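Before any comments, here is the structure.
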Amino acid sequence: REDASGTATRMPDGSEAWPGWEDCAVPPARLGAYLREFRTLLSSHGLRGTPYGHFGDGCIHVRIDFDLLTPAGVGRFRRFSEELAELVVAHGGSLSGEHGDGQARAELLPKMYGEQMVALFERAKGLWDPDDLLNPGMLVRPAPLDAGLRFSVLPREPVPVAFGYAADGGDFSAAVRRCVGVAKCRTTQVSGAAVMCPSFRATGEERHSTRGRARLLHEMLAGELVTDGWRSTEVRDALDLCLSCKGCRSDCPVEVDMATYKAEFLHHHYEGRRRPAAHYSMGWLPVWLRWAARTRTAPVVNALAAVRPLAAMAKRLGGIAPERGIPRLAAEPFTRWWRRRPRRAREG
């Protein structure tokens with residue numbers, strides 16, 4: 001069930017599905033009748049949903065394939081929400097059975113409590129919180145349920161990218177939207193073959209988790225808080241400690257691929273600009289090693305690296321931490337050594 005909160009955000013055909021009616025609940029004795037009417041309501045709006053979790057308690061988690069990117073889709077989301085609220089109340093249920101109403105359903109609370117009771121809520125809040133400082137808009141005087149949707153600020157057209165993102169229709173924004181905040185990347189202990197997310201386990205900082213990085217990329221695309229796009233130093237610094245281990249690609253319930261997102265970002269971030277020295281010294285390491293093997297200069301390189309002042313200068317120029325030692329190069333590459341062996345010995 002814990003993984004379902006992520007995996008259910010993708011329908012079998014790969015289309016996106018979202019929370020919004022995440023935990024409405026009805027008395028367990030009414031669950032069967034409620035679910036049948038719920039399915040009928042989905043079909044009448046041309047929507048699909050994947051329910052999971054807490055059936056025994058009558059509290060249903062569900063992801064629905066709302067289109068939250070177009071005005072028509074948002075309008076259908078509003079109409080469905082209003083009708084579903086009436087259905088839940090008709091079965092003696094609660095609009096929020098586990099996580100609270102928040103801004104998402106506060107506008108609909110009069111359907112459950114009645115206009116007079118909500119007016120009483122407003123009077124009580126006015127008495128104890130006259131300046132409306134505590135959770136404004138959560139229960140009384142709420143914003144419309146279809147206002148301030150998370151994806152309304154994202155680009156409507158796919159941004160130019162270097163990678164294909166085939167599973168997301170070539171759309172980098174859709175790839176970033178994969179993260180729905182399940183936070184499996186924030187675990188401090190893992191079992192079995194799981195590895196996600198080593199940089200968060202080392203720092204304990206949200207920005208160094210897969211979820212935190214995905215959120216920063218979302219803000220970069222939105223352009224409201226992170227305003228310098230691909231040139232953003234905030235996003236660059238958050239991605240800096242990503243090991244590109246692809247642990248998230250296998251361990252994340254929605255298969256967020258932060259290693260690819262990092263490569264995409266760095267490609268645009270440094271496009272047309274000089275990169276840090278370590279990108280050349282480490283990124284081109286295979287080129288340097290092939291050159292040393294071809295020119296048979298490994299002994300010379302090893303001798304120079306053994307001279308401390310020269311080694312310190314090389315590390316400084318190469319952007320390498322001074323605490324690191326320079327590994328010795330093999331005098332003979334393995335491939336050359338293998339080819340020199342008698343064929344009978346190579347075949348074992």
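FYI, nothing fancy with the structure tokens labels: chains A, B, ... in order, residues from 1 per chain, ligands from 1 as they appear.
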
- Exercise: Ala292 (chain A) partners within 12 Å, only C-alpha atoms, chain neighbours under 3 positions left out, as a list in words: Leu285, Pro286, Val287, Trp288, Leu289, Thr295, Arg296, Thr297, Ala298, Pro299, Val300, Val301, Asn302, Arg328, Leu329, Ala330, Ala331, Glu332 and Pro333 of chain A

Selection above as a file: N, CA and C atoms, as a compact mmCIF listing (two decimals), in the first residue's frame:
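Okay, out-v6.txt is ready:
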# COMPACT_ATOMS: atom_id res chain seq x y z
N LEU A 285 38.67 11.47 -17.92
CA LEU A 285 39.64 10.50 -17.41
C LEU A 285 39.87 9.33 -18.37
N PRO A 286 38.81 8.76 -18.98
CA PRO A 286 39.08 7.68 -19.95
C PRO A 286 39.99 8.12 -21.09
N VAL A 287 39.87 9.39 -21.51
CA VAL A 287 40.73 9.90 -22.59
C VAL A 287 42.17 9.99 -22.11
N TRP A 288 42.36 10.53 -20.88
CA TRP A 288 43.73 10.64 -20.36
C TRP A 288 44.37 9.25 -20.20
N LEU A 289 43.61 8.29 -19.72
CA LEU A 289 44.16 6.95 -19.49
C LEU A 289 44.52 6.27 -20.80
N THR A 295 50.86 6.03 -25.30
CA THR A 295 52.20 6.62 -25.35
C THR A 295 53.18 5.97 -24.38
N ARG A 296 52.67 4.99 -23.58
CA ARG A 296 53.49 4.26 -22.61
C ARG A 296 54.20 5.22 -21.64
N THR A 297 53.47 6.22 -21.20
CA THR A 297 54.05 7.22 -20.29
C THR A 297 53.62 7.01 -18.84
N ALA A 298 52.99 5.88 -18.52
CA ALA A 298 52.53 5.64 -17.15
C ALA A 298 53.66 5.76 -16.13
N PRO A 299 54.86 5.18 -16.38
CA PRO A 299 55.94 5.32 -15.39
C PRO A 299 56.32 6.78 -15.13
N VAL A 300 56.31 7.59 -16.19
CA VAL A 300 56.65 9.01 -16.03
C VAL A 300 55.59 9.72 -15.20
N VAL A 301 54.32 9.45 -15.50
CA VAL A 301 53.22 10.06 -14.75
C VAL A 301 53.30 9.66 -13.28
N ASN A 302 53.58 8.40 -13.01
CA ASN A 302 53.68 7.93 -11.62
C ASN A 302 54.84 8.61 -10.89
N ARG A 328 48.18 5.30 -8.72
CA ARG A 328 49.24 4.95 -9.68
C ARG A 328 48.62 4.31 -10.91
N LEU A 329 49.18 4.64 -12.06
CA LEU A 329 48.73 4.03 -13.32
C LEU A 329 49.48 2.72 -13.54
N ALA A 330 48.77 1.74 -14.06
CA ALA A 330 49.41 0.47 -14.39
C ALA A 330 50.39 0.69 -15.53
N ALA A 331 51.55 0.10 -15.41
CA ALA A 331 52.55 0.24 -16.47
C ALA A 331 52.07 -0.38 -17.77
N GLU A 332 51.21 -1.37 -17.65
CA GLU A 332 50.68 -2.04 -18.84
C GLU A 332 49.17 -2.20 -18.68
N PRO A 333 48.37 -1.73 -19.63
CA PRO A 333 46.92 -1.90 -19.53
C PRO A 333 46.53 -3.38 -19.53

- Enumerate as a ChimeraX atom specification all residues of region 61-294 of chain A assigned to strand (DSSP E or B) by DSSP on the backbone, naming them with the chain letters and numbers the document uses. /A:61-64,94

Using only all heavy atoms, please write the residues we just selected to a file, as a PDB file, in the first residue's frame.
ATOM      1  N   HIS A  61      -8.183   5.446  -0.536  1.00  0.00           N
ATOM      2  CA  HIS A  61      -7.192   6.210  -1.286  1.00  0.00           C
ATOM      3  C   HIS A  61      -7.401   5.933  -2.767  1.00  0.00           C
ATOM      4  O   HIS A  61      -7.635   4.784  -3.165  1.00  0.00           O
ATOM      5  CB  HIS A  61      -5.779   5.792  -0.894  1.00  0.00           C
ATOM      6  CG  HIS A  61      -5.404   6.138   0.512  1.00  0.00           C
ATOM      7  ND1 HIS A  61      -5.716   7.342   1.084  1.00  0.00           N
ATOM      8  CD2 HIS A  61      -4.729   5.434   1.455  1.00  0.00           C
ATOM      9  CE1 HIS A  61      -5.259   7.377   2.325  1.00  0.00           C
ATOM     10  NE2 HIS A  61      -4.662   6.224   2.572  1.00  0.00           N
ATOM     11  N   VAL A  62      -7.282   6.961  -3.572  1.00  0.00           N
ATOM     12  CA  VAL A  62      -7.493   6.769  -5.009  1.00  0.00           C
ATOM     13  C   VAL A  62      -6.720   7.834  -5.775  1.00  0.00           C
ATOM     14  O   VAL A  62      -6.602   8.972  -5.339  1.00  0.00           O
ATOM     15  CB  VAL A  62      -8.999   6.835  -5.372  1.00  0.00           C
ATOM     16  CG1 VAL A  62      -9.580   8.203  -5.044  1.00  0.00           C
ATOM     17  CG2 VAL A  62      -9.240   6.475  -6.825  1.00  0.00           C
ATOM     18  N   ARG A  63      -6.157   7.419  -6.894  1.00  0.00           N
ATOM     19  CA  ARG A  63      -5.539   8.348  -7.839  1.00  0.00           C
ATOM     20  C   ARG A  63      -6.408   8.363  -9.086  1.00  0.00           C
ATOM     21  O   ARG A  63      -6.773   7.303  -9.609  1.00  0.00           O
ATOM     22  CB  ARG A  63      -4.127   7.902  -8.212  1.00  0.00           C
ATOM     23  CG  ARG A  63      -3.140   7.899  -7.032  1.00  0.00           C
ATOM     24  CD  ARG A  63      -2.742   9.320  -6.685  1.00  0.00           C
ATOM     25  NE  ARG A  63      -1.541   9.376  -5.877  1.00  0.00           N
ATOM     26  CZ  ARG A  63      -1.507   9.525  -4.569  1.00  0.00           C
ATOM     27  NH1 ARG A  63      -2.638   9.584  -3.905  1.00  0.00           N
ATOM     28  NH2 ARG A  63      -0.377   9.603  -3.911  1.00  0.00           N
ATOM     29  N   ILE A  64      -6.748   9.554  -9.568  1.00  0.00           N
ATOM     30  CA  ILE A  64      -7.671   9.721 -10.697  1.00  0.00           C
ATOM     31  C   ILE A  64      -6.949  10.466 -11.811  1.00  0.00           C
ATOM     32  O   ILE A  64      -6.182  11.400 -11.559  1.00  0.00           O
ATOM     33  CB  ILE A  64      -8.931  10.484 -10.257  1.00  0.00           C
ATOM     34  CG1 ILE A  64      -9.624   9.713  -9.112  1.00  0.00           C
ATOM     35  CG2 ILE A  64      -9.893  10.675 -11.414  1.00  0.00           C
ATOM     36  CD1 ILE A  64     -10.791  10.455  -8.491  1.00  0.00           C
ATOM     37  N   SER A  94     -17.321  11.160   5.231  1.00  0.00           N
ATOM     38  CA  SER A  94     -16.512  12.351   5.490  1.00  0.00           C
ATOM     39  C   SER A  94     -15.657  12.637   4.260  1.00  0.00           C
ATOM     40  O   SER A  94     -15.108  11.721   3.647  1.00  0.00           O
ATOM     41  CB  SER A  94     -15.609  12.128   6.706  1.00  0.00           C
ATOM     42  OG  SER A  94     -14.635  13.161   6.808  1.00  0.00           O
TER      43      SER A  94
END

- Which polymer residues have any atom within 10 Å of an atom of Pro198 (chain A), counting only C-alpha atoms, with same-chain residues fewer than 3 positions away left out, as JSON, numbers by chain? {"A": [185, 186, 187, 188, 189, 195, 201, 202, 203, 204, 208, 209, 210, 241, 242, 243, 245, 247, 248]}

Write the residues of the preceding selection, restricted to N, CA, C and O atoms, as a PDB file, in the first residue's frame.
ATOM      1  N   CYS A 185      12.648   8.182  -0.675  1.00  0.00           N
ATOM      2  CA  CYS A 185      14.047   8.590  -0.798  1.00  0.00           C
ATOM      3  C   CYS A 185      14.583   9.167   0.513  1.00  0.00           C
ATOM      4  O   CYS A 185      15.797   9.390   0.638  1.00  0.00           O
ATOM      5  N   ARG A 186      13.715   9.420   1.473  1.00  0.00           N
ATOM      6  CA  ARG A 186      14.142  10.019   2.742  1.00  0.00           C
ATOM      7  C   ARG A 186      14.366   8.991   3.837  1.00  0.00           C
ATOM      8  O   ARG A 186      14.543   9.348   4.992  1.00  0.00           O
ATOM      9  N   THR A 187      14.371   7.724   3.493  1.00  0.00           N
ATOM     10  CA  THR A 187      14.626   6.704   4.498  1.00  0.00           C
ATOM     11  C   THR A 187      16.085   6.753   4.923  1.00  0.00           C
ATOM     12  O   THR A 187      16.973   6.998   4.115  1.00  0.00           O
ATOM     13  N   THR A 188      16.311   6.523   6.207  1.00  0.00           N
ATOM     14  CA  THR A 188      17.682   6.530   6.728  1.00  0.00           C
ATOM     15  C   THR A 188      18.268   5.136   6.792  1.00  0.00           C
ATOM     16  O   THR A 188      19.471   4.971   6.979  1.00  0.00           O
ATOM     17  N   GLN A 189      17.429   4.115   6.648  1.00  0.00           N
ATOM     18  CA  GLN A 189      17.897   2.737   6.632  1.00  0.00           C
ATOM     19  C   GLN A 189      17.211   2.011   5.498  1.00  0.00           C
ATOM     20  O   GLN A 189      16.021   2.225   5.247  1.00  0.00           O
ATOM     21  N   VAL A 195      18.942   1.147  -2.396  1.00  0.00           N
ATOM     22  CA  VAL A 195      20.065   2.055  -2.131  1.00  0.00           C
ATOM     23  C   VAL A 195      19.620   3.514  -1.962  1.00  0.00           C
ATOM     24  O   VAL A 195      20.396   4.342  -1.497  1.00  0.00           O
ATOM     25  N   ARG A 201      20.961  10.298   2.991  1.00  0.00           N
ATOM     26  CA  ARG A 201      21.354   9.602   4.203  1.00  0.00           C
ATOM     27  C   ARG A 201      22.641  10.199   4.768  1.00  0.00           C
ATOM     28  O   ARG A 201      22.871  10.156   5.975  1.00  0.00           O
ATOM     29  N   ALA A 202      23.475  10.766   3.899  1.00  0.00           N
ATOM     30  CA  ALA A 202      24.728  11.367   4.367  1.00  0.00           C
ATOM     31  C   ALA A 202      24.502  12.750   4.968  1.00  0.00           C
ATOM     32  O   ALA A 202      25.147  13.121   5.951  1.00  0.00           O
ATOM     33  N   THR A 203      23.578  13.539   4.399  1.00  0.00           N
ATOM     34  CA  THR A 203      23.408  14.929   4.839  1.00  0.00           C
ATOM     35  C   THR A 203      22.162  15.146   5.684  1.00  0.00           C
ATOM     36  O   THR A 203      22.127  16.062   6.504  1.00  0.00           O
ATOM     37  N   GLY A 204      21.118  14.336   5.473  1.00  0.00           N
ATOM     38  CA  GLY A 204      19.858  14.543   6.173  1.00  0.00           C
ATOM     39  C   GLY A 204      19.100  15.772   5.722  1.00  0.00           C
ATOM     40  O   GLY A 204      18.132  16.184   6.355  1.00  0.00           O
ATOM     41  N   HIS A 208      18.854  17.404  -0.685  1.00  0.00           N
ATOM     42  CA  HIS A 208      19.709  16.348  -1.186  1.00  0.00           C
ATOM     43  C   HIS A 208      18.980  15.012  -1.283  1.00  0.00           C
ATOM     44  O   HIS A 208      19.607  13.966  -1.475  1.00  0.00           O
ATOM     45  N   SER A 209      17.657  15.035  -1.153  1.00  0.00           N
ATOM     46  CA  SER A 209      16.851  13.844  -1.403  1.00  0.00           C
ATOM     47  C   SER A 209      16.342  13.900  -2.834  1.00  0.00           C
ATOM     48  O   SER A 209      16.304  14.964  -3.468  1.00  0.00           O
ATOM     49  N   THR A 210      15.921  12.767  -3.347  1.00  0.00           N
ATOM     50  CA  THR A 210      15.349  12.739  -4.695  1.00  0.00           C
ATOM     51  C   THR A 210      14.123  13.632  -4.755  1.00  0.00           C
ATOM     52  O   THR A 210      13.929  14.376  -5.726  1.00  0.00           O
ATOM     53  N   LEU A 241      25.607  16.848  -5.099  1.00  0.00           N
ATOM     54  CA  LEU A 241      25.947  15.643  -4.343  1.00  0.00           C
ATOM     55  C   LEU A 241      25.231  14.388  -4.841  1.00  0.00           C
ATOM     56  O   LEU A 241      25.435  13.308  -4.291  1.00  0.00           O
ATOM     57  N   CYS A 242      24.402  14.521  -5.862  1.00  0.00           N
ATOM     58  CA  CYS A 242      23.771  13.342  -6.461  1.00  0.00           C
ATOM     59  C   CYS A 242      24.853  12.470  -7.074  1.00  0.00           C
ATOM     60  O   CYS A 242      25.655  12.927  -7.895  1.00  0.00           O
ATOM     61  N   LEU A 243      24.905  11.193  -6.680  1.00  0.00           N
ATOM     62  CA  LEU A 243      25.951  10.290  -7.144  1.00  0.00           C
ATOM     63  C   LEU A 243      25.644   9.709  -8.516  1.00  0.00           C
ATOM     64  O   LEU A 243      26.458   8.963  -9.065  1.00  0.00           O
ATOM     65  N   CYS A 245      23.724   7.364  -9.079  1.00  0.00           N
ATOM     66  CA  CYS A 245      23.763   5.915  -8.874  1.00  0.00           C
ATOM     67  C   CYS A 245      22.561   5.216  -9.478  1.00  0.00           C
ATOM     68  O   CYS A 245      22.539   3.993  -9.594  1.00  0.00           O
ATOM     69  N   GLY A 247      19.808   4.755  -8.121  1.00  0.00           N
ATOM     70  CA  GLY A 247      19.031   4.044  -7.127  1.00  0.00           C
ATOM     71  C   GLY A 247      17.567   4.444  -7.175  1.00  0.00           C
ATOM     72  O   GLY A 247      16.672   3.609  -7.000  1.00  0.00           O
ATOM     73  N   CYS A 248      17.303   5.731  -7.440  1.00  0.00           N
ATOM     74  CA  CYS A 248      15.922   6.190  -7.522  1.00  0.00           C
ATOM     75  C   CYS A 248      15.199   5.559  -8.705  1.00  0.00           C
ATOM     76  O   CYS A 248      13.993   5.293  -8.646  1.00  0.00           O
TER      77      CYS A 248
END

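Minimum distance to Pro27 (chain A) across A:Ala90, A:Ala277, A:Pro71, A:Pro12 (counting only C-alpha atoms) occurs at A:Ala90.
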
- Message: Can you pull out every residue from region 31-187 of chain A that DSSP, working from the backbone, puts in alpha helix (DSSP H), and format the result as a ChimeraX atom specification?
- Response: /A:31-44,71-90,102-105,109-113,115-128,172-176

I need the chosen residues saved as a tab-separated table (two decimals), in the first residue's frame, with C-alpha atoms.
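Saved as part-v9.tsv:
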chain	number	residue	atom	x	y	z
A	31	LEU	CA	-18.67	0.83	1.25
A	32	GLY	CA	-19.97	-1.53	-1.45
A	33	ALA	CA	-22.83	0.75	-2.49
A	34	TYR	CA	-20.55	3.79	-2.35
A	35	LEU	CA	-17.87	2.22	-4.54
A	36	ARG	CA	-20.43	1.19	-7.16
A	37	GLU	CA	-21.76	4.73	-7.37
A	38	PHE	CA	-18.23	6.10	-7.28
A	39	ARG	CA	-17.32	3.99	-10.33
A	40	THR	CA	-20.46	5.17	-12.11
A	41	LEU	CA	-19.55	8.79	-11.39
A	42	LEU	CA	-16.03	8.28	-12.72
A	43	SER	CA	-17.38	6.80	-15.95
A	44	SER	CA	-19.90	9.61	-16.40
A	71	PRO	CA	-8.86	24.73	-18.60
A	72	ALA	CA	-11.29	22.06	-19.82
A	73	GLY	CA	-9.62	19.41	-17.66
A	74	VAL	CA	-9.60	21.66	-14.59
A	75	GLY	CA	-13.28	22.41	-15.16
A	76	ARG	CA	-14.06	18.70	-15.24
A	77	PHE	CA	-12.03	18.28	-12.03
A	78	ARG	CA	-14.24	20.89	-10.31
A	79	ARG	CA	-17.53	19.37	-11.51
A	80	PHE	CA	-16.46	15.88	-10.49
A	81	SER	CA	-15.30	17.09	-7.07
A	82	GLU	CA	-18.61	18.81	-6.37
A	83	GLU	CA	-20.63	15.73	-7.36
A	84	LEU	CA	-18.37	13.34	-5.46
A	85	ALA	CA	-18.67	15.46	-2.32
A	86	GLU	CA	-22.45	15.12	-2.53
A	87	LEU	CA	-22.11	11.35	-3.05
A	88	VAL	CA	-19.86	10.94	0.00
A	89	VAL	CA	-22.23	12.96	2.18
A	90	ALA	CA	-25.23	11.02	0.88
A	102	GLY	CA	-6.80	21.53	3.82
A	103	GLN	CA	-7.26	23.90	0.90
A	104	ALA	CA	-8.22	21.10	-1.47
A	105	ARG	CA	-11.68	20.46	0.01
A	109	LEU	CA	-17.27	21.62	3.61
A	110	PRO	CA	-20.72	23.31	3.61
A	111	LYS	CA	-21.99	20.21	1.77
A	112	MET	CA	-20.97	18.08	4.77
A	113	TYR	CA	-21.48	20.39	7.76
A	115	GLU	CA	-23.89	26.49	5.79
A	116	GLN	CA	-24.86	27.40	9.35
A	117	MET	CA	-22.18	25.21	10.97
A	118	VAL	CA	-19.46	26.56	8.67
A	119	ALA	CA	-20.61	30.09	9.53
A	120	LEU	CA	-20.17	29.15	13.18
A	121	PHE	CA	-16.63	27.93	12.39
A	122	GLU	CA	-15.97	31.34	10.82
A	123	ARG	CA	-17.27	33.21	13.88
A	124	ALA	CA	-15.09	31.09	16.20
A	125	LYS	CA	-12.02	31.73	14.07
A	126	GLY	CA	-12.78	35.44	13.96
A	127	LEU	CA	-12.95	35.48	17.77
A	128	TRP	CA	-9.72	33.59	18.47
A	172	PHE	CA	10.84	17.00	-19.24
A	173	SER	CA	8.06	18.66	-17.23
A	174	ALA	CA	6.12	15.38	-17.24
A	175	ALA	CA	9.25	13.54	-16.10
A	176	VAL	CA	9.68	15.95	-13.18

- Give me the residues within 12 Å of Glu271 (chain A) as a PyMOL selection string, counting only C-alpha atoms and dropping any in the same chain fewer than 6 places off. chain A and resi 162+230-231+263-265

Hey, can you spit out that residue selection with N, CA, C and O atoms as a PDB file, in the first residue's frame?
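Ended up saving to selection-v4.pdb:
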ATOM      1  N   ALA A 162      17.870  17.319 -24.150  1.00  0.00           N
ATOM      2  CA  ALA A 162      18.867  16.496 -24.830  1.00  0.00           C
ATOM      3  C   ALA A 162      18.513  15.017 -24.783  1.00  0.00           C
ATOM      4  O   ALA A 162      18.885  14.256 -25.673  1.00  0.00           O
ATOM      5  N   TRP A 230      17.726  27.277 -16.252  1.00  0.00           N
ATOM      6  CA  TRP A 230      18.822  26.302 -16.310  1.00  0.00           C
ATOM      7  C   TRP A 230      20.106  26.852 -15.693  1.00  0.00           C
ATOM      8  O   TRP A 230      21.000  26.075 -15.349  1.00  0.00           O
ATOM      9  N   ARG A 231      20.219  28.146 -15.522  1.00  0.00           N
ATOM     10  CA  ARG A 231      21.417  28.739 -14.922  1.00  0.00           C
ATOM     11  C   ARG A 231      21.349  28.761 -13.391  1.00  0.00           C
ATOM     12  O   ARG A 231      22.257  29.269 -12.738  1.00  0.00           O
ATOM     13  N   ALA A 263      21.997  15.040 -15.480  1.00  0.00           N
ATOM     14  CA  ALA A 263      22.758  15.195 -16.717  1.00  0.00           C
ATOM     15  C   ALA A 263      22.095  16.224 -17.629  1.00  0.00           C
ATOM     16  O   ALA A 263      22.774  17.039 -18.273  1.00  0.00           O
ATOM     17  N   GLU A 264      20.765  16.197 -17.688  1.00  0.00           N
ATOM     18  CA  GLU A 264      20.023  17.171 -18.501  1.00  0.00           C
ATOM     19  C   GLU A 264      20.290  18.592 -18.006  1.00  0.00           C
ATOM     20  O   GLU A 264      20.584  19.501 -18.791  1.00  0.00           O
ATOM     21  N   PHE A 265      20.176  18.771 -16.689  1.00  0.00           N
ATOM     22  CA  PHE A 265      20.368  20.104 -16.129  1.00  0.00           C
ATOM     23  C   PHE A 265      21.787  20.606 -16.376  1.00  0.00           C
ATOM     24  O   PHE A 265      21.987  21.753 -16.805  1.00  0.00           O
TER      25      PHE A 265
END

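Computed from the coordinates, the CA of Arg340 (chain A) to CA of Ile326 (chain A) distance equals 28.0 Å.
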
- Query: With distances taken over only C-alpha atoms, which of A:Glu22, A:Glu107, A:Glu157, A:Asp13 is nearest to Leu221 (chain A)?
  - Reply: A:Glu157

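For the residues A:Arg207, A:Arg336, A:Arg308, A:His54, ranking by smallest atom-to-atom distance to Glu323 (chain A) using only C-alpha atoms places A:Arg308 first.
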
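The closest residue to Leu145 (chain A), picked from A:Lys246, A:Arg290, A:Arg177, A:Leu108 and counting only C-alpha atoms, is A:Leu108.
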
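Here the question is which of A:Ala193, A:Met11, A:Leu266, A:Cys24 gets nearest to Val161 (chain A) using only C-alpha atoms, and that residue is A:Leu266.
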
Contacts of Met220 (chain A) within 10 Å, only C-alpha atoms, excl. fewer than 6 positions in-chain, as a PDB file with N, CA and C atoms, in the first residue's frame:
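Below is the file result.pdb, written as the result:
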ATOM      1  N   LEU A 154       3.437  25.447 -14.661  1.00  0.00           N
ATOM      2  CA  LEU A 154       4.446  24.798 -15.497  1.00  0.00           C
ATOM      3  C   LEU A 154       4.260  25.175 -16.961  1.00  0.00           C
ATOM      4  N   ALA A 214      13.657  16.933  -7.144  1.00  0.00           N
ATOM      5  CA  ALA A 214      12.551  17.004  -8.092  1.00  0.00           C
ATOM      6  C   ALA A 214      11.734  18.269  -7.857  1.00  0.00           C
ATOM      7  N   VAL A 226      12.450  29.981  -8.307  1.00  0.00           N
ATOM      8  CA  VAL A 226      13.751  29.838  -8.976  1.00  0.00           C
ATOM      9  C   VAL A 226      13.618  30.515 -10.329  1.00  0.00           C
ATOM     10  N   THR A 227      14.205  31.692 -10.447  1.00  0.00           N
ATOM     11  CA  THR A 227      13.893  32.559 -11.586  1.00  0.00           C
ATOM     12  C   THR A 227      14.929  32.548 -12.699  1.00  0.00           C
ATOM     13  N   ASP A 228      16.080  31.871 -12.482  1.00  0.00           N
ATOM     14  CA  ASP A 228      17.110  31.919 -13.526  1.00  0.00           C
ATOM     15  C   ASP A 228      17.221  30.613 -14.300  1.00  0.00           C
ATOM     16  N   GLY A 229      16.172  29.821 -14.301  1.00  0.00           N
ATOM     17  CA  GLY A 229      16.086  28.665 -15.187  1.00  0.00           C
ATOM     18  C   GLY A 229      17.259  27.715 -15.089  1.00  0.00           C
ATOM     19  N   TRP A 230      17.726  27.277 -16.252  1.00  0.00           N
ATOM     20  CA  TRP A 230      18.822  26.302 -16.310  1.00  0.00           C
ATOM     21  C   TRP A 230      20.106  26.852 -15.693  1.00  0.00           C
ATOM     22  N   ARG A 231      20.219  28.146 -15.522  1.00  0.00           N
ATOM     23  CA  ARG A 231      21.417  28.739 -14.922  1.00  0.00           C
ATOM     24  C   ARG A 231      21.349  28.761 -13.391  1.00  0.00           C
ATOM     25  N   SER A 232      20.313  28.214 -12.816  1.00  0.00           N
ATOM     26  CA  SER A 232      20.081  28.308 -11.379  1.00  0.00           C
ATOM     27  C   SER A 232      21.211  27.694 -10.562  1.00  0.00           C
ATOM     28  N   GLU A 234      20.900  27.396  -7.253  1.00  0.00           N
ATOM     29  CA  GLU A 234      20.235  26.591  -6.227  1.00  0.00           C
ATOM     30  C   GLU A 234      20.043  25.152  -6.704  1.00  0.00           C
ATOM     31  N   VAL A 235      19.582  25.010  -7.934  1.00  0.00           N
ATOM     32  CA  VAL A 235      19.372  23.669  -8.475  1.00  0.00           C
ATOM     33  C   VAL A 235      20.713  22.971  -8.674  1.00  0.00           C
TER      34      VAL A 235
END

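For the pair CA of Gly49 (chain A) and CA of Ala25 (chain A), the separation is 15.8 Å.
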
- Query: Trp18 (chain A): which residues within 10 Å, counting only C-alpha atoms, same-chain residues fewer than 3 positions away excluded, as number ranges by chain?
  - Reply: A: 5-6, 8-10, 21-22, 49-50, 62-68, 180

With N, CA, C and O atoms retained, write the just-selected residues as a compact mmCIF listing (two decimals), in the first residue's frame.
# COMPACT_ATOMS: atom_id res chain seq x y z
N SER A 5 0.90 4.53 -3.30
CA SER A 5 0.72 5.97 -3.36
C SER A 5 1.55 6.59 -4.46
O SER A 5 1.25 7.69 -4.94
N GLY A 6 2.59 5.89 -4.89
CA GLY A 6 3.37 6.37 -6.03
C GLY A 6 3.00 5.66 -7.31
O GLY A 6 2.76 6.30 -8.34
N ALA A 8 0.36 4.22 -8.26
CA ALA A 8 -0.99 4.51 -8.75
C ALA A 8 -1.06 5.83 -9.50
O ALA A 8 -2.10 6.14 -10.09
N THR A 9 0.00 6.62 -9.48
CA THR A 9 -0.01 7.88 -10.23
C THR A 9 0.24 7.67 -11.71
O THR A 9 0.27 8.62 -12.47
N ARG A 10 0.44 6.44 -12.11
CA ARG A 10 0.54 6.11 -13.54
C ARG A 10 -0.48 5.04 -13.87
O ARG A 10 -0.53 3.99 -13.24
N TRP A 21 -8.94 13.30 -4.34
CA TRP A 21 -9.92 12.64 -3.48
C TRP A 21 -9.21 11.47 -2.84
O TRP A 21 -9.51 10.31 -3.07
N GLU A 22 -8.22 11.85 -2.02
CA GLU A 22 -7.25 10.87 -1.54
C GLU A 22 -7.76 10.02 -0.38
O GLU A 22 -7.33 8.90 -0.22
N GLY A 49 -9.81 5.72 -12.21
CA GLY A 49 -9.15 5.83 -10.91
C GLY A 49 -8.72 4.48 -10.39
O GLY A 49 -9.33 3.45 -10.71
N THR A 50 -7.65 4.48 -9.61
CA THR A 50 -7.13 3.25 -9.01
C THR A 50 -7.24 3.36 -7.50
O THR A 50 -6.41 4.01 -6.86
N VAL A 62 -7.28 6.96 -3.57
CA VAL A 62 -7.49 6.77 -5.01
C VAL A 62 -6.72 7.83 -5.77
O VAL A 62 -6.60 8.97 -5.34
N ARG A 63 -6.16 7.42 -6.89
CA ARG A 63 -5.54 8.35 -7.84
C ARG A 63 -6.41 8.36 -9.09
O ARG A 63 -6.77 7.30 -9.61
N ILE A 64 -6.75 9.55 -9.57
CA ILE A 64 -7.67 9.72 -10.70
C ILE A 64 -6.95 10.47 -11.81
O ILE A 64 -6.18 11.40 -11.56
N ASP A 65 -7.21 10.06 -13.05
CA ASP A 65 -6.48 10.65 -14.18
C ASP A 65 -7.07 11.99 -14.60
O ASP A 65 -7.44 12.21 -15.76
N PHE A 66 -7.15 12.91 -13.63
CA PHE A 66 -7.57 14.28 -13.95
C PHE A 66 -6.59 14.92 -14.93
O PHE A 66 -5.38 14.70 -14.85
N ASP A 67 -7.11 15.71 -15.82
CA ASP A 67 -6.27 16.58 -16.66
C ASP A 67 -6.20 17.92 -15.95
O ASP A 67 -7.14 18.71 -16.00
N LEU A 68 -5.09 18.17 -15.28
CA LEU A 68 -4.93 19.41 -14.52
C LEU A 68 -4.09 20.44 -15.26
O LEU A 68 -3.63 21.42 -14.67
N VAL A 180 5.64 12.58 -6.58
CA VAL A 180 4.43 13.03 -5.89
C VAL A 180 4.65 13.09 -4.38
O VAL A 180 3.72 13.13 -3.60

- Query: To one decimal place, how far is CA of Val159 (chain A) from CA of Lys184 (chain A) in Å?
  - Reply: 27.9 Å
